[in-house]
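K.L.:
What follows is work_8.cif; its format and atoms are mmCIF, C-alpha atoms.
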data_query
#
loop_
_atom_site.label_atom_id
_atom_site.label_comp_id
_atom_site.auth_asym_id
_atom_site.auth_seq_id
_atom_site.Cartn_x
_atom_site.Cartn_y
_atom_site.Cartn_z
CA MET V 690 72.56 88.65 27.93
CA ALA V 691 72.95 84.88 27.64
CA GLU V 692 71.10 82.26 25.66
CA THR V 693 70.77 78.54 26.31
CA THR V 694 69.23 75.44 24.77
CA THR V 695 67.98 74.42 28.18
CA THR V 696 65.96 76.15 30.83
CA LYS V 697 67.75 77.29 33.94
CA ASN V 698 65.98 74.52 35.85
CA GLU V 699 67.68 71.94 33.60
CA ILE V 700 71.18 73.15 34.50
CA PRO V 701 71.81 71.51 37.88
CA ALA V 702 72.73 73.65 40.84
CA GLU V 703 75.52 71.20 41.67
CA MET V 704 77.92 69.08 39.65
CA LYS V 705 80.56 66.44 40.21
CA ARG V 706 84.26 66.39 39.43
CA LEU V 707 87.20 64.05 40.06
CA VAL V 708 90.02 65.30 42.27
CA VAL V 709 93.28 63.92 43.64
CA THR V 710 93.02 64.18 47.41
CA SER V 711 96.49 62.92 48.34
CA PRO V 712 99.78 62.06 46.62
CA GLY V 713 100.30 59.11 48.95
CA LYS V 714 104.01 58.43 49.25
CA GLY V 715 104.67 60.95 46.51
CA THR V 716 106.65 58.52 44.38
CA SER V 717 104.12 57.09 41.92
CA VAL V 718 100.71 57.78 40.43
CA ALA V 719 99.67 54.41 41.89
CA ASP V 720 99.99 55.92 45.38
CA CYS V 721 97.51 58.72 44.73
CA THR V 722 94.07 58.76 46.28
CA MET V 723 91.11 60.20 44.39
CA GLU V 724 87.49 60.95 45.06
CA ILE V 725 84.46 62.44 43.36
CA GLU V 726 83.45 65.70 44.96
CA THR V 727 80.24 67.69 44.61
CA LEU V 728 80.36 71.46 44.17
CA PRO V 729 78.21 74.27 42.73
CA THR V 730 77.86 74.34 38.96
CA PRO V 731 79.83 77.38 37.77
CA THR V 732 78.11 80.39 36.25
CA PRO V 733 79.83 81.94 33.22
CA ALA V 734 80.93 85.57 33.44
CA SER V 735 80.69 87.99 30.54
CA GLY V 736 82.86 86.68 27.70
CA GLU V 737 82.68 83.10 28.94
CA VAL V 738 80.66 80.05 27.94
CA LEU V 739 79.37 77.15 30.01
CA VAL V 740 80.31 73.81 28.49
CA LYS V 741 78.80 70.43 29.32
CA VAL V 742 81.77 68.06 29.23
CA VAL V 743 81.42 64.99 27.00
CA ALA V 744 84.90 63.46 27.26
CA ALA V 745 88.36 64.26 28.62
CA PRO V 746 91.60 62.28 28.11
CA ILE V 747 94.41 61.41 30.50
CA ASN V 748 97.80 62.46 29.15
CA PRO V 749 101.16 61.47 30.63
CA SER V 750 101.76 65.18 31.19
CA ASP V 751 98.75 65.16 33.52
CA TYR V 752 99.64 62.63 36.13
CA GLY V 753 103.16 63.72 37.02
CA SER V 754 101.65 66.58 38.99
CA TRP V 755 99.21 64.26 40.76
CA PHE V 756 101.92 62.82 43.03
CA TYR V 757 104.63 65.47 42.78
CA SER V 758 103.03 68.71 44.01
CA LYS V 759 103.16 70.78 47.19
CA PRO V 760 100.75 69.78 50.00
CA GLU V 761 98.67 72.92 49.53
CA ALA V 762 97.83 71.81 45.97
CA TYR V 763 95.45 69.13 47.28
CA PRO V 764 92.62 68.45 46.68
CA MET V 765 93.73 68.90 43.07
CA SER V 766 91.34 69.24 40.14
CA ILE V 767 92.74 67.30 37.19
CA GLY V 768 92.62 67.18 33.40
CA LYS V 769 93.95 69.73 30.90
CA GLU V 770 91.81 69.29 27.78
CA GLY V 771 88.57 67.75 26.58
CA CYS V 772 85.47 68.26 24.48
CA GLY V 773 81.82 69.09 24.99
CA ILE V 774 78.80 71.17 24.01
CA VAL V 775 78.26 74.87 24.73
CA ILE V 776 75.03 75.22 26.73
CA VAL V 777 75.24 78.88 27.84
CA ALA V 778 76.81 81.73 25.83
CA ASP V 779 76.52 85.46 25.25
CA GLU V 780 74.37 86.29 22.25
CA GLU V 781 77.37 87.74 20.40
CA SER V 782 79.63 84.77 21.21
CA SER V 783 81.57 83.18 18.35
CA CYS V 784 80.66 79.81 19.94
CA PRO V 785 76.89 79.96 20.36
CA VAL V 786 74.76 77.49 22.25
CA GLY V 787 74.90 74.01 20.73
CA THR V 788 78.44 74.42 19.32
CA LYS V 789 80.66 71.34 19.57
CA VAL V 790 83.97 72.43 21.05
CA GLY V 791 87.34 71.21 22.20
CA PHE V 792 88.75 73.08 25.16
CA VAL V 793 91.78 73.66 27.32
CA THR V 794 91.66 74.93 30.88
CA ASP V 795 93.45 77.72 32.70
CA GLY V 796 94.76 75.26 35.31
CA LYS V 797 92.19 76.29 37.91
CA GLN V 798 89.44 74.00 36.65
CA GLY V 799 90.08 70.37 35.83
CA THR V 800 88.46 68.86 32.77
CA PHE V 801 87.35 65.76 34.71
CA SER V 802 84.24 67.77 35.59
CA GLU V 803 80.63 67.70 34.43
CA TYR V 804 80.61 71.42 33.55
CA LEU V 805 83.25 74.10 32.91
CA THR V 806 83.24 77.86 32.38
CA LEU V 807 85.74 78.85 29.70
CA ASN V 808 86.87 81.96 27.88
CA ALA V 809 84.83 82.11 24.70
CA LYS V 810 87.78 83.36 22.62
CA THR V 811 90.82 81.56 24.02
CA GLY V 812 89.46 78.54 25.91
CA VAL V 813 87.17 76.83 23.40
CA PHE V 814 87.68 75.80 19.78
CA LYS V 815 85.00 74.76 17.32
CA MET V 816 85.17 71.13 16.23
CA PRO V 817 84.13 69.84 12.79
CA GLU V 818 80.40 69.19 12.53
CA ASP V 819 80.95 65.88 10.72
CA VAL V 820 83.11 64.44 13.53
CA PRO V 821 81.41 62.82 16.56
CA ILE V 822 82.13 65.03 19.55
CA GLU V 823 83.34 62.01 21.56
CA ASP V 824 86.27 61.73 19.14
CA CYS V 825 87.47 65.28 19.80
CA ALA V 826 88.75 64.91 23.37
CA SER V 827 92.45 64.71 22.40
CA PHE V 828 92.41 67.66 20.03
CA MET V 829 95.32 69.61 21.54
CA VAL V 830 98.10 67.81 23.45
CA ASN V 831 98.64 64.76 21.24
CA PRO V 832 98.39 66.47 17.83
CA TYR V 833 100.88 69.17 18.82
CA THR V 834 103.19 66.56 20.34
CA ALA V 835 103.03 64.48 17.16
CA LEU V 836 103.90 67.48 15.02
CA GLY V 837 106.65 68.44 17.46
CA ILE V 838 108.22 64.99 17.24
CA LEU V 839 108.16 64.96 13.44
CA ASP V 840 109.52 68.52 13.18
CA THR V 841 112.28 67.66 15.68
CA ALA V 842 113.14 64.59 13.62
CA GLN V 843 113.49 66.71 10.51
CA ARG V 844 115.79 69.17 12.31
CA THR V 845 117.98 66.81 14.34
CA CYS V 846 118.00 63.77 12.06
CA ALA V 847 118.16 65.51 8.70
CA SER V 848 120.49 62.87 7.27
CA SER V 849 117.76 60.22 7.56
CA LYS V 850 114.19 59.79 6.39
CA ALA V 851 113.33 57.21 9.07
CA ILE V 852 112.89 57.31 12.85
CA ILE V 853 112.08 54.78 15.56
CA HIS V 854 109.04 55.36 17.78
CA THR V 855 108.20 53.30 20.88
CA ALA V 856 104.79 52.76 22.49
CA ALA V 857 103.62 53.35 18.95
CA ALA V 858 100.06 52.03 19.28
CA SER V 859 99.04 54.92 21.53
CA GLN V 860 96.81 57.71 20.24
CA LEU V 861 99.96 59.77 19.78
CA GLY V 862 101.64 56.94 17.88
CA GLN V 863 98.67 56.56 15.57
CA MET V 864 98.73 60.29 14.82
CA ILE V 865 102.43 60.07 14.00
CA VAL V 866 101.77 57.20 11.58
CA ARG V 867 99.14 59.26 9.78
CA LEU V 868 101.17 62.49 9.70
CA ALA V 869 104.59 61.06 8.82
CA PRO V 870 103.99 60.73 5.04
CA SER V 871 103.29 64.48 4.81
CA LYS V 872 106.74 65.06 6.32
CA GLY V 873 108.46 62.54 4.05
CA LEU V 874 109.37 60.29 6.99
CA GLU V 875 109.24 56.53 7.52
CA ILE V 876 108.37 55.32 11.05
CA ILE V 877 109.77 52.15 12.60
CA ASN V 878 107.02 51.47 15.13
CA ILE V 879 107.66 49.38 18.27
CA VAL V 880 104.62 47.86 20.00
CA ARG V 881 104.07 45.16 22.61
CA ARG V 882 101.30 43.00 21.10
CA GLU V 883 100.33 41.50 17.74
CA GLU V 884 96.91 43.17 17.81
CA GLN V 885 98.65 46.52 18.14
CA LYS V 886 100.71 45.71 15.07
CA GLU V 887 97.51 44.92 13.17
CA LEU V 888 95.96 48.20 14.34
CA LEU V 889 98.86 50.25 13.02
CA GLU V 890 99.04 48.35 9.75
CA LYS V 891 95.36 49.08 9.13
CA ILE V 892 96.06 52.81 9.27
CA GLY V 893 99.05 52.61 6.95
CA ALA V 894 102.10 51.66 9.04
CA LYS V 895 104.71 49.82 6.95
CA HIS V 896 107.26 48.93 9.62
CA VAL V 897 106.01 47.49 12.92
CA ILE V 898 108.06 45.43 15.37
CA VAL V 899 106.50 43.54 18.27
CA ALA V 900 108.66 43.75 21.38
CA ALA V 901 106.60 41.54 23.66
CA SER V 902 109.18 41.82 26.42
CA VAL V 903 111.90 44.42 26.87
CA ASP V 904 113.85 41.89 28.98
CA ASP V 905 113.71 39.08 26.40
CA HIS V 906 115.04 41.24 23.60
CA LYS V 907 117.20 39.05 21.36
CA VAL V 908 114.65 38.33 18.60
CA TRP V 909 112.92 41.69 18.28
CA LYS V 910 116.17 43.61 18.74
CA ALA V 911 117.70 41.76 15.78
CA GLU V 912 114.62 42.62 13.71
CA LEU V 913 114.90 46.24 14.79
CA GLN V 914 118.59 46.34 13.86
CA SER V 915 117.73 45.02 10.43
CA LYS V 916 115.10 47.76 9.94
CA VAL V 917 117.51 50.46 11.11
CA ASN V 918 120.09 49.25 8.61
CA GLU V 919 117.53 48.99 5.81
CA LEU V 920 116.00 52.46 6.29
CA GLY V 921 119.04 54.30 7.61
CA ALA V 922 117.44 55.51 10.83
CA VAL V 923 119.69 57.64 13.02
CA CYS V 924 117.32 58.72 15.80
CA ALA V 925 114.53 57.41 18.01
CA PHE V 926 111.73 58.89 20.10
CA ASP V 927 111.16 56.86 23.23
CA ALA V 928 108.13 57.04 25.53
CA ILE V 929 109.16 53.95 27.54
CA ALA V 930 112.69 54.67 28.90
CA GLY V 931 113.87 52.00 31.39
CA ASP V 932 115.97 49.41 29.53
CA MET V 933 114.40 50.38 26.20
CA ALA V 934 116.54 53.51 25.91
CA GLY V 935 119.72 51.42 26.06
CA HIS V 936 118.41 48.94 23.48
CA LEU V 937 117.68 51.81 21.10
CA MET V 938 121.17 53.23 21.51
CA ASP V 939 122.58 49.78 20.73
CA VAL V 940 120.89 49.54 17.34
CA LEU V 941 121.46 53.11 16.17
CA PRO V 942 124.66 54.04 14.35
CA SER V 943 127.49 56.08 15.87
CA LYS V 944 126.26 59.55 16.88
CA GLY V 945 122.68 58.32 16.80
CA ILE V 946 120.18 60.20 19.00
CA VAL V 947 117.50 58.88 21.37
CA HIS V 948 114.96 61.49 22.43
CA VAL V 949 113.43 60.18 25.69
CA TYR V 950 110.12 62.00 26.16
CA GLY V 951 108.35 59.58 28.53
CA GLY V 952 109.10 57.21 31.38
CA LEU V 953 106.58 54.37 31.28
CA ALA V 954 109.26 51.95 32.52
CA GLY V 955 111.04 54.36 34.83
CA PRO V 956 114.34 56.21 34.36
CA ALA V 957 116.44 55.40 31.31
CA ASN V 958 118.99 52.58 31.84
CA GLY V 959 121.75 50.93 29.84
CA LEU V 960 123.34 54.16 28.63
CA SER V 961 127.06 54.80 28.59
#
As C-alpha coordinates, please, write out the structure in this file.
P.N.:
Amino acid sequence: MAETTTTKNEIPAEMKRLVVTSPGKGTSVADCTMEIETLPTPTPASGEVLVKVVAAPINPSDYGSWFYSKPEAYPMSIGKEGCGIVIVADEESSCPVGTKVGFVTDGKQGTFSEYLTLNAKTGVFKMPEDVPIEDCASFMVNPYTALGILDTAQRTCASSKAIIHTAAASQLGQMIVRLAPSKGLEIINIVRREEQKELLEKIGAKHVIVAASVDDHKVWKAELQSKVNELGAVCAFDAIAGDMAGHLMDVLPSKGIVHVYGGLAGPANGLS
(Lines of atoms letter the chains of each structure in order from A and count residues from 1; the text may use other names and numbers.)
(Lines give C-alpha, C1' and ligand atoms only; values in the text may rest on other atoms or scores of the structure.)
Protein backbone atom coordinates (compact mmCIF):
# COMPACT_ATOMS: atom_id res chain seq x y z
CA MET A 1 0.00 0.00 0.00
CA ALA A 2 1.57 3.29 -1.07
CA GLU A 3 0.84 6.88 -0.20
CA THR A 4 1.63 10.03 -2.15
CA THR A 5 1.29 13.79 -1.85
CA THR A 6 0.08 13.93 -5.42
CA THR A 7 -2.63 12.15 -7.31
CA LYS A 8 -1.61 9.49 -9.78
CA ASN A 9 -2.62 11.85 -12.58
CA GLU A 10 0.02 14.34 -11.38
CA ILE A 11 2.86 11.82 -11.72
CA PRO A 12 3.62 11.89 -15.45
CA ALA A 13 3.52 8.69 -17.43
CA GLU A 14 6.84 9.65 -19.03
CA MET A 15 9.97 11.42 -17.86
CA LYS A 16 13.23 12.69 -19.29
CA ARG A 17 16.82 11.79 -18.51
CA LEU A 18 20.26 12.67 -19.89
CA VAL A 19 22.31 9.89 -21.45
CA VAL A 20 25.68 9.56 -23.17
CA THR A 21 24.97 8.12 -26.60
CA SER A 22 28.54 7.77 -27.86
CA PRO A 23 32.10 8.05 -26.50
CA GLY A 24 33.27 9.68 -29.73
CA LYS A 25 36.96 8.95 -30.18
CA GLY A 26 37.08 7.46 -26.71
CA THR A 27 39.92 9.69 -25.55
CA SER A 28 38.23 12.62 -23.82
CA VAL A 29 34.94 13.65 -22.24
CA ALA A 30 34.85 16.45 -24.83
CA ASP A 31 34.34 13.81 -27.54
CA CYS A 32 31.18 12.38 -25.98
CA THR A 33 27.77 12.94 -27.47
CA MET A 34 24.71 13.29 -25.24
CA GLU A 35 20.99 13.59 -25.66
CA ILE A 36 17.84 13.85 -23.59
CA GLU A 37 15.70 10.76 -23.93
CA THR A 38 12.09 10.18 -22.95
CA LEU A 39 11.07 6.97 -21.19
CA PRO A 40 8.31 5.70 -18.87
CA THR A 41 8.34 7.06 -15.33
CA PRO A 42 9.38 4.15 -13.10
CA THR A 43 6.97 2.58 -10.63
CA PRO A 44 8.42 1.70 -7.21
CA ALA A 45 8.31 -1.93 -6.10
CA SER A 46 7.62 -2.98 -2.52
CA GLY A 47 10.37 -1.57 -0.31
CA GLU A 48 11.19 1.21 -2.76
CA VAL A 49 10.33 4.90 -2.95
CA LEU A 50 9.80 7.17 -5.95
CA VAL A 51 11.89 10.33 -5.71
CA LYS A 52 11.43 13.51 -7.73
CA VAL A 53 14.98 14.65 -8.43
CA VAL A 54 15.83 18.24 -7.47
CA ALA A 55 19.57 18.35 -8.19
CA ALA A 56 22.46 16.05 -9.11
CA PRO A 57 26.18 16.91 -9.29
CA ILE A 58 28.86 15.94 -11.79
CA ASN A 59 31.88 14.37 -10.09
CA PRO A 60 35.22 13.62 -11.77
CA SER A 61 34.57 9.97 -10.94
CA ASP A 62 31.49 10.17 -13.18
CA TYR A 63 32.85 11.21 -16.51
CA GLY A 64 35.76 8.79 -16.88
CA SER A 65 33.23 6.09 -17.72
CA TRP A 66 31.48 8.32 -20.25
CA PHE A 67 34.25 7.92 -22.84
CA TYR A 68 36.01 4.78 -21.61
CA SER A 69 33.36 2.03 -21.62
CA LYS A 70 32.52 -0.92 -23.84
CA PRO A 71 30.26 -0.22 -26.87
CA GLU A 72 27.37 -2.14 -25.34
CA ALA A 73 27.28 0.33 -22.43
CA TYR A 74 25.74 3.01 -24.66
CA PRO A 75 23.34 4.75 -24.39
CA MET A 76 24.62 5.24 -20.84
CA SER A 77 22.55 6.73 -18.03
CA ILE A 78 24.78 8.99 -15.95
CA GLY A 79 25.08 10.44 -12.45
CA LYS A 80 25.80 8.63 -9.18
CA GLU A 81 24.24 10.79 -6.47
CA GLY A 82 21.77 13.61 -5.95
CA CYS A 83 18.90 14.91 -3.87
CA GLY A 84 15.14 15.19 -4.11
CA ILE A 85 11.74 14.68 -2.51
CA VAL A 86 10.00 11.36 -1.86
CA ILE A 87 6.64 11.41 -3.66
CA VAL A 88 5.59 7.74 -3.37
CA ALA A 89 6.39 5.42 -0.45
CA ASP A 90 5.01 2.43 1.42
CA GLU A 91 3.02 3.44 4.48
CA GLU A 92 5.59 1.82 6.78
CA SER A 93 8.58 3.41 5.01
CA SER A 94 11.19 5.16 7.13
CA CYS A 95 11.22 7.88 4.43
CA PRO A 96 7.56 8.83 4.02
CA VAL A 97 6.13 11.05 1.33
CA GLY A 98 7.51 14.59 1.51
CA THR A 99 10.86 13.56 3.03
CA LYS A 100 13.89 15.46 1.73
CA VAL A 101 16.53 12.91 0.80
CA GLY A 102 19.98 12.48 -0.65
CA PHE A 103 20.43 9.36 -2.72
CA VAL A 104 22.89 7.10 -4.47
CA THR A 105 22.02 4.81 -7.34
CA ASP A 106 22.66 1.14 -8.00
CA GLY A 107 24.39 1.97 -11.29
CA LYS A 108 21.38 1.01 -13.40
CA GLN A 109 19.62 4.36 -13.10
CA GLY A 110 21.45 7.63 -13.63
CA THR A 111 20.70 10.54 -11.34
CA PHE A 112 20.41 12.97 -14.28
CA SER A 113 16.76 11.91 -14.44
CA GLU A 114 13.49 13.55 -13.44
CA TYR A 115 12.40 10.58 -11.29
CA LEU A 116 14.13 7.59 -9.68
CA THR A 117 13.00 4.46 -7.84
CA LEU A 118 15.32 3.69 -4.94
CA ASN A 119 15.61 1.21 -2.10
CA ALA A 120 13.96 2.85 0.88
CA LYS A 121 16.57 1.50 3.32
CA THR A 122 19.86 1.61 1.43
CA GLY A 123 19.32 4.06 -1.44
CA VAL A 124 17.95 7.18 0.25
CA PHE A 125 19.12 9.16 3.26
CA LYS A 126 17.16 11.80 5.14
CA MET A 127 18.57 15.32 4.85
CA PRO A 128 18.33 17.98 7.59
CA GLU A 129 15.03 19.85 7.53
CA ASP A 130 16.77 23.22 8.04
CA VAL A 131 18.98 22.81 4.94
CA PRO A 132 17.56 23.74 1.50
CA ILE A 133 17.25 20.53 -0.49
CA GLU A 134 19.13 22.11 -3.42
CA ASP A 135 22.23 22.23 -1.21
CA CYS A 136 22.19 18.48 -0.53
CA ALA A 137 23.15 17.16 -3.98
CA SER A 138 26.81 16.46 -3.08
CA PHE A 139 26.09 14.70 0.19
CA MET A 140 28.08 11.51 -0.46
CA VAL A 141 31.07 11.52 -2.84
CA ASN A 142 32.77 14.79 -1.86
CA PRO A 143 32.35 14.55 1.93
CA TYR A 144 33.75 11.01 2.02
CA THR A 145 36.60 12.03 -0.30
CA ALA A 146 37.41 15.01 1.92
CA LEU A 147 37.52 12.82 5.01
CA GLY A 148 39.57 10.24 3.13
CA ILE A 149 42.15 12.83 2.12
CA LEU A 150 42.49 14.18 5.65
CA ASP A 151 42.69 10.70 7.19
CA THR A 152 45.31 9.69 4.61
CA ALA A 153 47.29 12.83 5.44
CA GLN A 154 47.28 11.91 9.11
CA ARG A 155 48.50 8.38 8.35
CA THR A 156 51.10 9.04 5.66
CA CYS A 157 52.29 12.49 6.69
CA ALA A 158 52.24 12.07 10.45
CA SER A 159 55.42 14.12 10.88
CA SER A 160 53.63 17.25 9.62
CA LYS A 161 50.51 19.19 10.49
CA ALA A 162 50.23 20.82 7.05
CA ILE A 163 49.40 19.58 3.54
CA ILE A 164 49.14 21.13 0.09
CA HIS A 165 45.87 20.85 -1.82
CA THR A 166 45.40 21.87 -5.47
CA ALA A 167 42.18 22.91 -7.23
CA ALA A 168 41.26 24.00 -3.73
CA ALA A 169 38.27 26.20 -4.58
CA SER A 170 36.18 23.21 -5.66
CA GLN A 171 33.33 21.94 -3.49
CA LEU A 172 35.71 19.26 -2.27
CA GLY A 173 38.37 21.85 -1.48
CA GLN A 174 35.92 23.95 0.49
CA MET A 175 34.89 20.91 2.52
CA ILE A 176 38.54 20.17 3.28
CA VAL A 177 39.06 23.74 4.50
CA ARG A 178 36.11 23.41 6.87
CA LEU A 179 37.03 19.93 8.13
CA ALA A 180 40.80 20.38 8.50
CA PRO A 181 40.72 22.17 11.90
CA SER A 182 38.92 19.18 13.45
CA LYS A 183 41.84 17.01 12.31
CA GLY A 184 44.48 19.46 13.55
CA LEU A 185 45.74 20.12 10.02
CA GLU A 186 46.73 23.29 8.17
CA ILE A 187 45.93 23.43 4.43
CA ILE A 188 48.08 25.23 1.87
CA ASN A 189 45.44 25.85 -0.79
CA ILE A 190 46.38 26.39 -4.45
CA VAL A 191 43.80 28.13 -6.66
CA ARG A 192 43.85 29.79 -10.08
CA ARG A 193 42.07 33.12 -9.50
CA GLU A 194 41.96 35.91 -6.91
CA GLU A 195 38.21 35.54 -6.44
CA GLN A 196 38.77 31.90 -5.52
CA LYS A 197 41.28 33.00 -2.91
CA GLU A 198 38.69 35.40 -1.47
CA LEU A 199 36.09 32.62 -1.41
CA LEU A 200 38.33 30.31 0.60
CA GLU A 201 39.42 33.05 2.98
CA LYS A 202 35.78 33.84 3.75
CA ILE A 203 35.26 30.27 4.97
CA GLY A 204 38.38 30.27 7.12
CA ALA A 205 41.35 29.39 4.89
CA LYS A 206 44.60 30.88 6.22
CA HIS A 207 47.02 29.90 3.45
CA VAL A 208 45.95 30.44 -0.17
CA ILE A 209 48.28 30.75 -3.15
CA VAL A 210 47.09 31.92 -6.57
CA ALA A 211 48.76 29.95 -9.36
CA ALA A 212 47.27 31.79 -12.32
CA SER A 213 49.34 29.75 -14.74
CA VAL A 214 51.05 26.42 -14.18
CA ASP A 215 53.47 27.27 -17.02
CA ASP A 216 54.47 30.68 -15.62
CA HIS A 217 55.34 29.31 -12.22
CA LYS A 218 58.29 31.31 -10.88
CA VAL A 219 56.39 33.72 -8.61
CA TRP A 220 53.74 31.44 -7.13
CA LYS A 221 56.17 28.53 -6.81
CA ALA A 222 58.48 30.67 -4.69
CA GLU A 223 55.52 31.64 -2.50
CA LEU A 224 54.55 27.99 -2.20
CA GLN A 225 58.10 27.02 -1.23
CA SER A 226 58.04 29.65 1.48
CA LYS A 227 54.76 28.26 2.88
CA VAL A 228 56.07 24.69 2.79
CA ASN A 229 59.15 25.77 4.74
CA GLU A 230 57.09 27.81 7.21
CA LEU A 231 54.52 25.09 7.98
CA GLY A 232 56.68 22.02 7.47
CA ALA A 233 54.46 20.37 4.87
CA VAL A 234 55.71 17.00 3.62
CA CYS A 235 52.85 15.87 1.37
CA ALA A 236 50.40 17.18 -1.21
CA PHE A 237 47.07 16.06 -2.68
CA ASP A 238 46.85 16.96 -6.34
CA ALA A 239 43.70 17.00 -8.47
CA ILE A 240 45.43 18.69 -11.43
CA ALA A 241 48.40 16.44 -12.39
CA GLY A 242 50.09 17.54 -15.65
CA ASP A 243 53.07 19.77 -14.80
CA MET A 244 51.63 20.59 -11.37
CA ALA A 245 52.71 17.23 -9.94
CA GLY A 246 56.35 17.97 -10.78
CA HIS A 247 56.14 21.48 -9.29
CA LEU A 248 54.80 20.01 -6.05
CA MET A 249 57.61 17.47 -5.85
CA ASP A 250 60.10 20.32 -6.34
CA VAL A 251 58.92 22.25 -3.29
CA LEU A 252 58.47 19.32 -0.91
CA PRO A 253 61.39 18.08 1.18
CA SER A 254 63.27 14.85 0.54
CA LYS A 255 60.92 11.84 0.82
CA GLY A 256 57.93 14.13 0.39
CA ILE A 257 54.76 12.53 -1.03
CA VAL A 258 52.40 13.75 -3.76
CA HIS A 259 49.08 11.92 -3.86
CA VAL A 260 47.71 12.45 -7.40
CA TYR A 261 43.97 11.77 -7.25
CA GLY A 262 42.81 13.66 -10.35
CA GLY A 263 43.96 14.52 -13.85
CA LEU A 264 42.48 17.88 -14.82
CA ALA A 265 45.63 18.71 -16.80
CA GLY A 266 46.33 15.20 -18.06
CA PRO A 267 48.92 12.65 -16.90
CA ALA A 268 51.47 13.74 -14.31
CA ASN A 269 54.70 15.20 -15.77
CA GLY A 270 58.03 16.43 -14.45
CA LEU A 271 58.65 13.50 -12.13
CA SER A 272 61.96 11.73 -11.79
K.L.:
Got a sec: who's within 9 Å of segment 898-907 of chain V, counting only C-alpha atoms, leaving out chain neighbours fewer than 6 positions off, as a PyMOL selection string?
P.N.:
chain V and resi 877-883+885-886+913+932-933+936
K.L.:
Leaving out segment 811-820 of chain V and any residue of its chain fewer than 2 positions from it, which residues lie within 6 Å of it when counting all atoms listed in the file, given as an NGL selection string?
P.N.:
:V and (789-793 or 807-809)
K.L.:
Could you list, as JSON, numbers by chain, every residue within 10 Å of segment 928-931 of chain V, counting all atoms listed in the file and ignoring same-chain residues fewer than 6 positions away?
P.N.:
{"V": [749, 854, 855, 856, 857, 903, 937, 947, 948, 949, 950, 951, 952, 953, 954, 955, 956, 957, 958, 959]}
K.L.:
Residues at most 8 Å from Leu728 of chain V, counting all atoms listed in the file, excluding those fewer than 2 positions away in the same chain, as a PyMOL selection string?
P.N.:
chain V and resi 703-706+726+730
K.L.:
When the PyMOL selection byres ((chain V and resi 828-837) around 9) is applied to the structure above, which residues does it catch, written out as a PyMOL selection string?
P.N.:
chain V and resi 748+750+769-772+791-793+816+824-827+838-842+860-862+864-865+868-869
K.L.:
Hey, can I get the axis-aligned box for segment 940-959 of chain V? All listed atoms, 6 Å padding on each side, centre and edge lengths in Å to one decimal, as AutoDock Vina command-line options.
P.N.:
--center_x 117.0 --center_y 55.8 --center_z 24.6 --size_x 32.9 --size_y 24.5 --size_z 32.5
K.L.:
Atom CA of Lys759 of chain V to atom CA of Ser711 of chain V: how many Å, to one decimal?
P.N.:
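Going from atom CA of Lys759 of chain V over to atom CA of Ser711 of chain V covers 10.4 Å.
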K.L.:
Could you please give me, as a list in words, the residues of protein, DNA or RNA lying at most 6 Å from (102.8, 52.2, 11.5) in the coordinate frame of the file, considering all atoms listed in the file?
P.N.:
Val866, Asn878, Leu889, Glu890, Gly893, Ala894, Lys895, His896 and Val897 of chain V
K.L.:
Put those residues in a file: C-alpha atoms, as a PDB file, in the coordinates of the input.
P.N.:
ATOM      1  CA  VAL V 866     101.770  57.200  11.580  1.00  0.00           C
ATOM      2  CA  ASN V 878     107.020  51.470  15.130  1.00  0.00           C
ATOM      3  CA  LEU V 889      98.860  50.250  13.020  1.00  0.00           C
ATOM      4  CA  GLU V 890      99.040  48.350   9.750  1.00  0.00           C
ATOM      5  CA  GLY V 893      99.050  52.610   6.950  1.00  0.00           C
ATOM      6  CA  ALA V 894     102.100  51.660   9.040  1.00  0.00           C
ATOM      7  CA  LYS V 895     104.710  49.820   6.950  1.00  0.00           C
ATOM      8  CA  HIS V 896     107.260  48.930   9.620  1.00  0.00           C
ATOM      9  CA  VAL V 897     106.010  47.490  12.920  1.00  0.00           C
TER      10      VAL V 897
END
K.L.:
Given the file shown, enumerate the residues that the PyMOL selection byres ((chain V and resi 733) around 9) captures and present them as number ranges by chain.
P.N.:
V: 731-732, 734-739, 777-778, 805-808
